>>> print(open('model-v9.cif').read())   # mmCIF, C-alpha atoms
data_entry
loop_
_atom_site.label_atom_id
_atom_site.label_comp_id
_atom_site.auth_asym_id
_atom_site.auth_seq_id
_atom_site.Cartn_x
_atom_site.Cartn_y
_atom_site.Cartn_z
CA MET A 1450 -14.56 -16.81 -25.40
CA PRO A 1451 -17.75 -17.01 -23.30
CA PRO A 1452 -18.82 -13.93 -21.34
CA LEU A 1453 -17.86 -13.58 -17.68
CA ARG A 1454 -20.85 -14.62 -15.59
CA LEU A 1455 -21.63 -12.11 -12.82
CA LEU A 1456 -23.55 -12.17 -9.57
CA ILE A 1457 -24.60 -8.67 -8.55
CA ASN A 1458 -25.07 -8.52 -4.76
CA GLY A 1459 -27.19 -5.55 -3.70
CA SER A 1460 -28.91 -5.64 -7.07
CA ARG A 1461 -31.99 -3.65 -6.06
CA GLY A 1462 -29.98 -0.66 -4.85
CA ARG A 1463 -29.00 2.29 -7.00
CA MET A 1464 -25.53 0.97 -7.72
CA GLY A 1465 -26.85 -2.54 -8.27
CA GLN A 1466 -29.31 -1.36 -10.90
CA SER A 1467 -26.62 0.66 -12.62
CA LEU A 1468 -24.33 -2.40 -12.70
CA VAL A 1469 -27.05 -4.54 -14.26
CA ALA A 1470 -27.80 -1.91 -16.90
CA CYS A 1471 -24.14 -1.31 -17.80
CA ALA A 1472 -23.33 -5.04 -17.92
CA ALA A 1473 -26.15 -5.57 -20.40
CA GLU A 1474 -24.30 -3.29 -22.84
CA ASP A 1475 -21.04 -5.28 -22.70
CA PRO A 1476 -20.82 -8.54 -24.69
CA GLN A 1477 -17.94 -9.67 -22.45
CA LEU A 1478 -20.31 -9.85 -19.48
CA LYS A 1479 -23.49 -11.67 -18.51
CA VAL A 1480 -25.40 -11.10 -15.27
CA THR A 1481 -26.58 -14.55 -14.25
CA ALA A 1482 -27.75 -13.69 -10.73
CA GLN A 1483 -29.20 -10.62 -9.02
CA VAL A 1484 -29.22 -10.94 -5.23
CA ASP A 1485 -30.46 -8.64 -2.50
CA ALA A 1486 -31.77 -8.84 1.07
CA GLY A 1487 -33.86 -11.97 1.55
CA ASP A 1488 -32.38 -13.84 -1.43
CA ASP A 1489 -30.18 -16.92 -1.16
CA PHE A 1490 -26.66 -15.68 -1.87
CA THR A 1491 -25.02 -19.10 -1.43
CA GLU A 1492 -27.34 -20.81 -3.91
CA ALA A 1493 -26.83 -18.05 -6.50
CA LEU A 1494 -23.04 -18.47 -6.35
CA ALA A 1495 -23.30 -21.65 -8.39
CA THR A 1496 -24.42 -19.64 -11.44
CA CYS A 1497 -21.49 -17.19 -11.63
CA ASP A 1498 -17.76 -16.77 -12.17
CA ALA A 1499 -17.40 -13.50 -10.25
CA VAL A 1500 -19.28 -11.50 -7.63
CA ILE A 1501 -19.63 -7.72 -7.50
CA ASP A 1502 -20.80 -6.73 -4.02
CA PHE A 1503 -22.54 -3.38 -3.53
CA SER A 1504 -24.80 -4.55 -0.69
CA HIS A 1505 -23.84 -3.44 2.84
CA HIS A 1506 -20.68 -3.86 4.91
CA SER A 1507 -22.66 -5.54 7.70
CA ILE A 1508 -22.94 -8.76 5.66
CA LEU A 1509 -19.34 -8.72 4.43
CA GLN A 1510 -18.27 -11.89 6.24
CA SER A 1511 -20.95 -14.04 4.59
CA VAL A 1512 -19.91 -12.67 1.19
CA LEU A 1513 -16.24 -13.42 1.90
CA ASP A 1514 -16.98 -16.91 3.15
CA GLY A 1515 -19.22 -17.78 0.21
CA CYS A 1516 -16.79 -16.52 -2.43
CA ALA A 1517 -13.79 -18.21 -0.82
CA GLN A 1518 -15.56 -21.56 -0.49
CA SER A 1519 -16.80 -21.40 -4.10
CA ALA A 1520 -13.52 -19.98 -5.51
CA LYS A 1521 -15.22 -16.92 -7.04
CA THR A 1522 -13.49 -13.70 -8.04
CA LEU A 1523 -14.76 -10.90 -5.77
CA VAL A 1524 -15.11 -7.17 -6.34
CA ILE A 1525 -15.98 -5.30 -3.12
CA GLY A 1526 -17.81 -2.00 -3.58
CA THR A 1527 -19.10 -1.52 -0.04
CA THR A 1528 -17.46 1.01 2.29
CA GLY A 1529 -17.43 1.74 6.02
CA HIS A 1530 -15.46 -1.37 6.97
CA SER A 1531 -13.93 -1.80 10.41
CA ASP A 1532 -10.27 -2.69 10.89
CA ALA A 1533 -11.36 -6.25 11.66
CA GLN A 1534 -13.32 -6.43 8.39
CA VAL A 1535 -10.33 -5.15 6.42
CA ALA A 1536 -8.25 -7.90 8.04
CA ALA A 1537 -10.91 -10.44 7.01
CA ILE A 1538 -10.76 -9.19 3.41
CA ARG A 1539 -6.99 -9.66 3.37
CA ALA A 1540 -7.30 -13.13 4.86
CA THR A 1541 -9.85 -14.14 2.21
CA ALA A 1542 -7.60 -12.75 -0.53
CA ALA A 1543 -5.06 -15.43 0.33
CA ARG A 1544 -7.49 -17.84 -1.37
CA ILE A 1545 -9.13 -15.84 -4.19
CA PRO A 1546 -8.53 -12.64 -6.19
CA VAL A 1547 -10.27 -9.70 -4.48
CA VAL A 1548 -10.54 -6.18 -5.86
CA TYR A 1549 -11.10 -3.92 -2.87
CA ALA A 1550 -11.35 -0.24 -3.72
CA PRO A 1551 -13.00 2.76 -2.06
CA ASN A 1552 -14.03 4.08 -5.48
CA PHE A 1553 -14.20 2.45 -8.91
CA SER A 1554 -14.28 5.62 -11.00
CA VAL A 1555 -11.37 6.01 -13.43
CA GLY A 1556 -11.41 9.74 -12.70
CA VAL A 1557 -11.25 9.28 -8.94
CA ASN A 1558 -8.38 6.83 -9.23
CA THR A 1559 -6.56 9.43 -11.30
CA LEU A 1560 -7.29 11.83 -8.43
CA PHE A 1561 -5.66 9.36 -6.01
CA TRP A 1562 -2.52 9.36 -8.16
CA LEU A 1563 -2.48 13.16 -8.51
CA THR A 1564 -3.07 13.61 -4.77
CA ARG A 1565 0.07 11.67 -3.93
CA LYS A 1566 2.18 13.47 -6.54
CA ALA A 1567 0.99 16.93 -5.47
CA ALA A 1568 1.70 16.18 -1.81
CA GLU A 1569 5.21 15.02 -2.69
CA ILE A 1570 5.92 18.07 -4.88
CA LEU A 1571 4.40 20.77 -2.64
CA GLY A 1572 6.07 19.58 0.54
CA PRO A 1573 5.35 19.87 4.26
CA GLU A 1574 4.70 23.64 4.35
CA PHE A 1575 1.29 23.12 2.75
CA ASP A 1576 -1.68 22.39 5.04
CA LEU A 1577 -3.80 19.44 3.90
CA GLU A 1578 -7.60 19.24 3.93
CA VAL A 1579 -10.12 16.87 2.32
CA VAL A 1580 -13.74 17.89 1.71
CA GLU A 1581 -16.43 15.52 0.40
CA MET A 1582 -20.15 15.88 -0.34
CA HIS A 1583 -22.71 13.16 -0.95
CA HIS A 1584 -26.48 12.71 -1.11
CA ARG A 1585 -28.56 12.88 2.04
CA LEU A 1586 -29.14 9.10 2.12
CA LYS A 1587 -25.48 8.10 2.48
CA LYS A 1588 -25.02 6.31 5.79
CA ASP A 1589 -21.25 6.38 6.43
CA ALA A 1590 -18.91 9.33 6.87
CA PRO A 1591 -16.39 10.18 5.73
CA SER A 1592 -16.82 8.46 2.39
CA GLY A 1593 -14.48 5.63 1.57
CA THR A 1594 -12.98 7.82 -1.13
CA ALA A 1595 -12.30 10.71 1.27
CA LYS A 1596 -10.73 8.29 3.73
CA ARG A 1597 -8.43 6.94 1.02
CA LEU A 1598 -7.44 10.46 -0.03
CA ALA A 1599 -6.54 11.26 3.58
CA GLU A 1600 -4.63 7.97 3.88
CA ILE A 1601 -2.58 8.88 0.81
CA LEU A 1602 -1.75 12.27 2.29
CA ALA A 1603 -0.83 10.61 5.59
CA GLU A 1604 1.45 8.15 3.82
CA VAL A 1605 3.34 10.95 2.07
CA ARG A 1606 3.75 12.89 5.35
CA ASN A 1607 4.57 9.80 7.45
CA LEU A 1608 1.48 10.44 9.55
CA SER A 1609 -1.22 8.10 10.86
CA TYR A 1610 -4.76 8.26 9.46
CA ASN A 1611 -6.23 7.11 12.78
CA ASN A 1612 -4.20 9.52 14.92
CA ASP A 1613 -3.57 12.56 12.74
CA THR A 1614 -6.83 13.23 10.90
CA ARG A 1615 -9.26 15.79 12.30
CA HIS A 1616 -12.87 15.14 11.32
CA GLY A 1617 -14.45 18.60 11.33
CA ARG A 1618 -13.77 21.30 13.88
CA HIS A 1619 -15.95 22.75 16.61
CA GLY A 1620 -15.30 25.12 19.49
CA ILE A 1621 -11.92 26.41 20.64
CA VAL A 1622 -9.72 23.87 18.90
CA GLY A 1623 -6.54 25.92 18.85
CA GLU A 1624 -4.33 26.74 15.92
CA ARG A 1625 -3.99 24.24 13.15
CA THR A 1626 -0.85 22.11 13.42
CA GLN A 1627 1.24 20.81 10.53
CA ALA A 1628 0.76 17.27 11.79
CA GLU A 1629 -2.96 17.08 11.02
CA ILE A 1630 -5.13 16.37 8.00
CA GLY A 1631 -8.61 17.85 8.03
CA VAL A 1632 -11.47 15.69 6.74
CA HIS A 1633 -14.94 17.18 6.30
CA ALA A 1634 -18.17 15.44 5.23
CA ILE A 1635 -21.14 17.34 3.79
CA ARG A 1636 -24.52 15.69 3.17
CA GLY A 1637 -27.46 16.99 1.16
CA GLY A 1638 -29.72 16.58 -1.84
CA ASP A 1639 -28.91 14.00 -4.49
CA VAL A 1640 -25.17 14.62 -4.90
CA VAL A 1641 -23.56 11.46 -6.33
CA GLY A 1642 -20.10 12.32 -5.02
CA ASP A 1643 -17.81 15.35 -4.88
CA HIS A 1644 -14.26 15.21 -3.49
CA THR A 1645 -11.72 18.01 -3.13
CA VAL A 1646 -8.17 17.87 -1.78
CA ILE A 1647 -6.86 21.26 -0.62
CA TYR A 1648 -3.20 22.19 -0.27
CA ALA A 1649 -2.90 25.62 1.39
CA THR A 1650 0.07 27.73 2.42
CA GLY A 1651 0.87 31.40 2.80
CA GLY A 1652 0.00 33.23 -0.43
CA GLU A 1653 -1.36 30.34 -2.49
CA ARG A 1654 -3.67 27.36 -2.54
CA VAL A 1655 -3.92 24.32 -4.81
CA GLU A 1656 -7.16 22.32 -5.11
CA LEU A 1657 -7.76 18.99 -6.83
CA THR A 1658 -11.45 18.18 -7.39
CA HIS A 1659 -13.47 15.32 -8.83
CA LYS A 1660 -17.25 15.50 -9.26
CA ALA A 1661 -19.41 12.57 -10.29
CA SER A 1662 -22.73 13.35 -11.99
CA ASN A 1663 -24.06 9.79 -12.27
CA ARG A 1664 -23.34 6.28 -11.02
CA GLU A 1665 -22.43 4.78 -14.37
CA THR A 1666 -18.79 5.78 -13.95
CA PHE A 1667 -18.57 3.67 -10.77
CA ALA A 1668 -20.50 0.77 -12.32
CA ARG A 1669 -18.34 0.63 -15.44
CA GLY A 1670 -15.20 0.73 -13.30
CA ALA A 1671 -16.42 -2.16 -11.12
CA LEU A 1672 -17.28 -4.21 -14.21
CA ARG A 1673 -13.85 -3.47 -15.65
CA ALA A 1674 -12.32 -4.62 -12.36
CA ALA A 1675 -14.20 -7.94 -12.49
CA LEU A 1676 -13.01 -8.62 -16.04
CA TRP A 1677 -9.43 -7.72 -15.12
CA ALA A 1678 -9.29 -9.72 -11.89
CA HIS A 1679 -10.86 -12.96 -13.10
CA GLY A 1680 -8.08 -15.49 -13.57
CA LYS A 1681 -5.54 -13.46 -11.59
CA PRO A 1682 -3.66 -15.09 -8.70
CA ALA A 1683 -5.17 -14.81 -5.23
CA GLY A 1684 -4.48 -11.47 -3.60
CA VAL A 1685 -5.85 -8.03 -2.78
CA TYR A 1686 -5.99 -5.65 -5.73
CA ASP A 1687 -7.38 -2.16 -6.17
CA MET A 1688 -8.28 0.09 -9.09
CA GLN A 1689 -4.72 1.37 -9.27
CA ASP A 1690 -3.79 -2.20 -10.23
CA VAL A 1691 -6.69 -2.51 -12.66
CA LEU A 1692 -5.76 0.75 -14.41
CA GLY A 1693 -2.01 0.10 -14.42
CA LEU A 1694 -1.25 3.16 -12.28
CA LYS A 1695 1.17 1.37 -9.95
#
>>> encode(input="model-v9.cif", output="structure tokens")
Amino acid sequence: MPPLRLLINGSRGRMGQSLVACAAEDPQLKVTAQVDAGDDFTEALATCDAVIDFSHHSILQSVLDGCAQSAKTLVIGTTGHSDAQVAAIRATAARIPVVYAPNFSVGVNTLFWLTRKAAEILGPEFDLEVVEMHHRLKKDAPSGTAKRLAEILAEVRNLSYNNDTRHGRHGIVGERTQAEIGVHAIRGGDVVGDHTVIYATGGERVELTHKASNRETFARGALRAALWAHGKPAGVYDMQDVLGLK
């Protein structure tokens, strides 16, 4: 069976370089195109079977259009999407298989699963907080992973991410209510990505933490997602699907 031909979009970035390096170690994969700002994405599509996009969310629509028109499997690794962009992803997935995940780490996706289970077991008397830390160059906050963790907590509690999350606290904010989920973003140094979910109540506290020390874990997960998704029916998938956690 021939290797899956990949186009890496955002290839000159840190994640792009890690993807290229990790793909070179896997005989099931072959990077046939490396594209970044100023390159012709549409022309490069002809050389590949699947696209892994770690460029920037601002060019999402052109990536969606190109992949849909060329019938390419798409793995989306960018974050910071607006509600309208999420809707565009779902519309495109009616035509091609799309893996859309806030984090491609196997460990983080295990954290997603554990976060839901812990929230269900511990119950509504526990206060919920999410804390994340990333390197000083990260442009969006909170991270896509922290947002997904808060969304999972909101789903368990029948709350709304948009209405019931509190992003940091400042001034006289009043006592904490049960109907809120705290989300806190820390930036500094070269931290690849730390995420902690805190469940706190009177007399005890439970914390679930994942810490990434390099980008290879994300790159290998995204490559695994491309291999898994290629040939699947059109639709939106995430790493929970890829890993069989659903």
>>> closest_residue(input="model-v9.cif", among="A:Asp1475, A:Glu1656, A:Asp1687, A:Glu1581", to="A:His1633", atoms="only C-alpha atoms")
A:Glu1581
>>> residues_around(input="model-v9.cif", residues="A:Gly1459", least_positions_apart="3", cutoff="6 Å", atoms="only C-alpha atoms", output="ChimeraX atom specification")
/A:1462,1465,1484-1485,1503-1504
>>> resolve_selection(input="model-v9.cif", expression="the PyMOL selection byres ((chain A and resi 1645) around 9)", output="VMD selection string")
chain A and resid 1578 to 1581 1595 1643 to 1644 1646 to 1647 1656 to 1660
>>> closest_residue(input="model-v9.cif", among="A:Ala1675, A:Leu1571, A:Leu1560, A:Leu1608", to="A:Val1480", atoms="all atoms listed in the file")
A:Ala1675
>>> axis_aligned_box(input="model-v9.cif", around="stretch 1633-1636 of chain A", padding_each_side="6 Å", output="lines of an AutoDock Vina configuration file")
center_x = -19.7
center_y = 16.4
center_z = 4.7
size_x = 21.6
size_y = 13.9
size_z = 15.1
>>> residues_around(input="model-v9.cif", residues="A:Ser1592", least_positions_apart="6", cutoff="9 Å", atoms="all atoms listed in the file", output="ChimeraX atom specification")
/A:1528-1529,1551,1581-1583,1634,1642
>>> residues_around(input="model-v9.cif", residues="A:Asp1489", least_positions_apart="6", cutoff="12 Å", atoms="only C-alpha atoms", output="list in words")
Leu1456, Asn1458, Ala1482, Gln1483, Ala1495, Ser1511, Val1512 and Gly1515 of chain A
>>> write_last_selection(input="model-v9.cif", atoms="C-alpha atoms", output="PDB file, in the coordinates of the input")
ATOM      1  CA  LEU A1456     -23.550 -12.170  -9.570  1.00  0.00           C
ATOM      2  CA  ASN A1458     -25.070  -8.520  -4.760  1.00  0.00           C
ATOM      3  CA  ALA A1482     -27.750 -13.690 -10.730  1.00  0.00           C
ATOM      4  CA  GLN A1483     -29.200 -10.620  -9.020  1.00  0.00           C
ATOM      5  CA  ALA A1495     -23.300 -21.650  -8.390  1.00  0.00           C
ATOM      6  CA  SER A1511     -20.950 -14.040   4.590  1.00  0.00           C
ATOM      7  CA  VAL A1512     -19.910 -12.670   1.190  1.00  0.00           C
ATOM      8  CA  GLY A1515     -19.220 -17.780   0.210  1.00  0.00           C
TER       9      GLY A1515
END
>>> resolve_selection(input="model-v9.cif", expression="the PyMOL selection byres ((chain A and resi 1588) around 12)", output="list in words")
His1505, His1506, Thr1527, Thr1528, Gly1529, His1583, His1584, Arg1585, Leu1586, Lys1587, Asp1589, Ala1590, Pro1591, Ser1592, Gly1593, Ala1634, Ile1635, Arg1636 and Gly1637 of chain A
>>> residues_around(input="model-v9.cif", residues="A:Lys1479", least_positions_apart="5", cutoff="10 Å", atoms="all atoms listed in the file", output="ChimeraX atom specification")
/A:1451-1456,1469,1472-1474,1497-1498
>>> closest_residue(input="model-v9.cif", among="A:Asp1690, A:Asp1532, A:Glu1492, A:Glu1624", to="A:Trp1677", atoms="all atoms listed in the file")
A:Asp1690
>>> resolve_selection(input="model-v9.cif", expression="the PyMOL selection byres ((chain A and resi 1524) around 9)", output="list of chain:residue names")
A:Ala1499, A:Val1500, A:Ile1501, A:Asp1502, A:Phe1503, A:Thr1522, A:Leu1523, A:Ile1525, A:Gly1526, A:Pro1546, A:Val1547, A:Val1548, A:Tyr1549, A:Ala1550, A:Ala1671, A:Leu1672, A:Ala1674, A:Ala1675, A:Ala1678
>>> atom_distance(input="model-v9.cif", atom1="atom CA of A:Glu1569", atom2="atom CA of A:Ala1661")
25.9 Å
>>> closest_residue(input="model-v9.cif", among="A:Ala1542, A:Ile1457, A:Val1605, A:Cys1471", to="A:Arg1669", atoms="all atoms listed in the file")
A:Cys1471
>>> residues_around(input="model-v9.cif", residues="A:Thr1650", least_positions_apart="4", cutoff="7 Å", atoms="all atoms listed in the file", output="list in words")
Glu1574, Phe1575, Asp1576 and Arg1654 of chain A
>>> closest_residue(input="model-v9.cif", among="A:Phe1561, A:Ala1603, A:Ala1540, A:Val1632", to="A:Gly1617", atoms="all atoms listed in the file")
A:Val1632
>>> closest_residue(input="model-v9.cif", among="A:Thr1564, A:Asn1607, A:Thr1559, A:Thr1614", to="A:Gly1693", atoms="all atoms listed in the file")
A:Thr1559
